[in-house]
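Asker: Could you have a look at this structure, given as structure tokens, before my questions?
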Protein chains: 2
Amino acid sequence: MSLEEKKISCHLTQGEADSFIKNLPVEEEIQDLSEFFKVFGEPTRLKILFLLKEKEFCVHDLTVMLDMNQTAVSHQLKYLRQVRLVKYRKDGKNVFYSLNDEHITGILATGLDHIGE
Amino acid sequence: MSLEEKKISCHLTQGEADSFIKNLPVEEEIQDLSEFFKVFGEPTRLKILFLLKEKEFCVHDLTVMLDMNQTAVSHQLKYLRQVRLVKYRKDGKNVFYSLNDEHITGILATGLDHIGE
DNA sequence: TGTACATATGTTTATATATTCATATGTTAA
DNA sequence: TTAACATATGAATATATAAACATATGTACA
């Protein structure tokens, strides 16, 4: 019996295990992917994204509609900026934010579809 | 000038703001949705899901392939069970886990598509 | 130029949670 | 029925992070 055939686990040989591990996304992709999904795993960010799906808004618009602290909204917008899901333009005293990724609407729709069962 | 027309924010009247707020998913949906996405926002859970996408595995299989503490794996499997993304069957000493949701593959693919740009 | 307004950001605090440790439960086979 | 193995789980710990607080920056306008 070769080394390859020896079970290292319930039903796995070393060779089989290696093969499954090899087909996993590499560590960096896993990290990036989890950070991408993490964005959507927080209620405030979700609400911001749902609002921006309709049209661009300035920070104060969002603060009013979300009924939240301006600071909290700004921090979340900074977060969304860093992961490049939103972009912004300055106009006088205001900064207008809008979506910057065409996947967002689809992702949100899939999620809604899921919980709507 | 009616109350409706008075700006309460940068460019919003009260009526407009109310309208956008009304079109948001209700609070409970937002909560459910964020908890759904939160599942995918963690590297260990992602790896488990990617592995289970191939075939069912017992806890020890996963522990070996992920090179992780059995306890940590069990805790994440419990989590995944609770949000109904995996199901399990017992077979003697082993418990085999498999995916329990047809959205998962699509969600993962969309995410990979996103980070692959 | 000073005041009000809009936004950003560093720090702190409170909370959530991933992992580990210790241990319990359950199963199989000697 | 005892030993070895597989899995689960409660508690402790360490870390991440959302929100709040204090404050800074930047803009417009009187």
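Every chain in the structure tokens has a letter given in the order shown (A, B, ...), and although residue numbers restart at 1 in each chain, ligands are simply numbered from 1 in the order shown.
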Within 6 Å of B:Ser34, counting only C-alpha atoms (C1' of nucleotides), which residues qualify if same-chain residues fewer than 4 places away don't, as a list of chain:residue names?
Answerer: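 The neighbour list is A:Phe40, A:Gly41, A:Glu42, A:Pro43, B:Lys38.
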Asker: What lies within 12 Å of C:DT20 using only C-alpha atoms (C1' of nucleotides), ignoring chain neighbours under 4 positions off, as an MDAnalysis selection string?
Answerer: (chainID B and resid 68:73 75) or (chainID D and resid 11:14)
Asker: Can you write out the residues you just picked, keeping N, CA and C atoms (P, O5', C5', C4', C3', O3' and C1' of nucleotides), as a short mmCIF file (atom, residue, chain, number, x, y, z; two decimals), in the first residue's frame?
Answerer:
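Contents of result_28.cif, as written:
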data_model
loop_
_atom_site.label_atom_id
_atom_site.label_comp_id
_atom_site.auth_asym_id
_atom_site.auth_seq_id
_atom_site.Cartn_x
_atom_site.Cartn_y
_atom_site.Cartn_z
N MET B 68 -6.28 23.27 11.33
CA MET B 68 -6.81 24.05 12.45
C MET B 68 -7.23 23.16 13.61
N ASN B 69 -7.34 23.80 14.74
CA ASN B 69 -7.88 23.23 15.95
C ASN B 69 -9.25 22.62 15.69
N GLN B 70 -9.48 21.41 16.17
CA GLN B 70 -10.80 20.79 15.97
C GLN B 70 -11.92 21.62 16.59
N THR B 71 -11.62 22.18 17.73
CA THR B 71 -12.63 22.99 18.42
C THR B 71 -13.06 24.19 17.60
N ALA B 72 -12.08 24.85 17.03
CA ALA B 72 -12.38 26.03 16.21
C ALA B 72 -13.26 25.65 15.03
N VAL B 73 -12.92 24.54 14.39
CA VAL B 73 -13.71 24.09 13.25
C VAL B 73 -15.13 23.77 13.68
N HIS B 75 -16.79 24.95 16.17
CA HIS B 75 -17.54 26.18 16.47
C HIS B 75 -18.04 26.84 15.20
P DA D 11 -20.81 28.59 30.84
"O5'" DA D 11 -19.26 28.90 30.87
"C5'" DA D 11 -18.36 27.94 31.43
"C4'" DA D 11 -16.96 28.50 31.40
"C3'" DA D 11 -16.86 30.01 31.65
"O3'" DA D 11 -15.73 30.25 32.47
"C1'" DA D 11 -15.91 29.49 29.54
P DA D 12 -15.32 31.75 32.85
"O5'" DA D 12 -13.99 31.95 32.01
"C5'" DA D 12 -12.95 30.99 32.12
"C4'" DA D 12 -11.78 31.41 31.23
"C3'" DA D 12 -11.38 32.88 31.36
"O3'" DA D 12 -9.96 32.96 31.40
"C1'" DA D 12 -11.91 32.38 29.10
P DT D 13 -9.29 34.40 31.47
"O5'" DT D 13 -8.83 34.64 29.97
"C5'" DT D 13 -8.14 33.59 29.26
"C4'" DT D 13 -7.78 34.11 27.90
"C3'" DT D 13 -7.34 35.57 27.87
"O3'" DT D 13 -6.21 35.68 27.02
"C1'" DT D 13 -9.08 35.25 26.35
P DA D 14 -5.34 37.02 27.02
"O5'" DA D 14 -5.17 37.24 25.46
"C5'" DA D 14 -5.31 36.14 24.56
"C4'" DA D 14 -5.74 36.67 23.21
"C3'" DA D 14 -5.24 38.07 22.90
"O3'" DA D 14 -4.81 38.09 21.56
"C1'" DA D 14 -7.59 38.02 22.75
#
Asker: Using only C-alpha atoms, which of the listed residues (B:Tyr97, B:Leu12, B:Gly111, B:Ile30) sits closest to A:Val59?
Answerer: B:Leu12
Asker: May I have the residues of chain A within 8 Å of chain B, counting only C-alpha atoms, written as a PyMOL selection string?
Answerer: chain A and resi 9-12+17-18+20-21+24+29-43+46-47+50-51+58+60-61+64-65+94+103+107+110-112+114-115
Asker: Would you mind listing what lies within 12 Å of C:DT15 as a PyMOL selection string, with only C-alpha atoms (C1' of nucleotides) counted and same-chain residues fewer than 4 positions away left out?
Answerer: chain D and resi 15-19
Asker: Can I get the selection written as a PDB file, in the first residue's frame, with C-alpha atoms (C1' of nucleotides)?
Answerer:
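Produced file again.pdb, reproduced below:
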ATOM      1  C1'  DT D  15      -8.697  40.778  18.986  1.00  0.00           C
ATOM      2  C1'  DA D  16     -11.514  43.469  15.847  1.00  0.00           C
ATOM      3  C1'  DT D  17     -14.475  47.124  15.210  1.00  0.00           C
ATOM      4  C1'  DA D  18     -18.768  50.253  15.489  1.00  0.00           C
ATOM      5  C1'  DA D  19     -20.071  54.226  17.728  1.00  0.00           C
TER       6       DA D  19
END
Asker: Identify, with DSSP run on backbone atoms, the residues in stretch 31-104 of chain A assigned to helix (DSSP H, G or I), and express the list as number ranges by chain.
Answerer: A: 31-40, 43-54, 59-66, 70-82, 103-104
Asker: At a cut-off of 8 Å, list the chain C residues touching chain A, using only C-alpha atoms (C1' of nucleotides), as a PDB file with N, CA and C atoms (P, O5', C5', C4', C3', O3' and C1' of nucleotides), in the first residue's frame.
Answerer:
ATOM      1  P    DC C   5     -25.287  77.381  11.440  1.00  0.00           P
ATOM      2  O5'  DC C   5     -24.703  76.444  10.305  1.00  0.00           O
ATOM      3  C5'  DC C   5     -24.689  76.900   8.948  1.00  0.00           C
ATOM      4  C4'  DC C   5     -23.781  76.016   8.146  1.00  0.00           C
ATOM      5  C3'  DC C   5     -24.032  74.509   8.324  1.00  0.00           C
ATOM      6  O3'  DC C   5     -24.296  73.951   7.056  1.00  0.00           O
ATOM      7  C1'  DC C   5     -21.724  75.010   8.438  1.00  0.00           C
ATOM      8  P    DA C   6     -24.834  72.432   6.946  1.00  0.00           P
ATOM      9  O5'  DA C   6     -23.507  71.683   6.476  1.00  0.00           O
ATOM     10  C5'  DA C   6     -22.931  72.012   5.225  1.00  0.00           C
ATOM     11  C4'  DA C   6     -21.734  71.122   4.988  1.00  0.00           C
ATOM     12  C3'  DA C   6     -21.970  69.646   5.318  1.00  0.00           C
ATOM     13  O3'  DA C   6     -21.594  68.871   4.191  1.00  0.00           O
ATOM     14  C1'  DA C   6     -20.026  70.445   6.427  1.00  0.00           C
ATOM     15  P    DT C   7     -21.742  67.295   4.229  1.00  0.00           P
ATOM     16  O5'  DT C   7     -20.285  66.898   4.730  1.00  0.00           O
ATOM     17  C5'  DT C   7     -19.169  67.303   3.948  1.00  0.00           C
ATOM     18  C4'  DT C   7     -17.886  66.949   4.648  1.00  0.00           C
ATOM     19  C3'  DT C   7     -17.742  65.472   4.998  1.00  0.00           C
ATOM     20  O3'  DT C   7     -16.704  64.946   4.183  1.00  0.00           O
ATOM     21  C1'  DT C   7     -16.964  66.893   6.746  1.00  0.00           C
ATOM     22  P    DA C   8     -16.168  63.467   4.418  1.00  0.00           P
ATOM     23  O5'  DA C   8     -14.954  63.692   5.422  1.00  0.00           O
ATOM     24  C5'  DA C   8     -13.946  64.618   5.083  1.00  0.00           C
ATOM     25  C4'  DA C   8     -12.820  64.552   6.099  1.00  0.00           C
ATOM     26  C3'  DA C   8     -12.336  63.145   6.419  1.00  0.00           C
ATOM     27  O3'  DA C   8     -10.908  63.189   6.436  1.00  0.00           O
ATOM     28  C1'  DA C   8     -12.978  64.241   8.420  1.00  0.00           C
TER      29       DA C   8
END
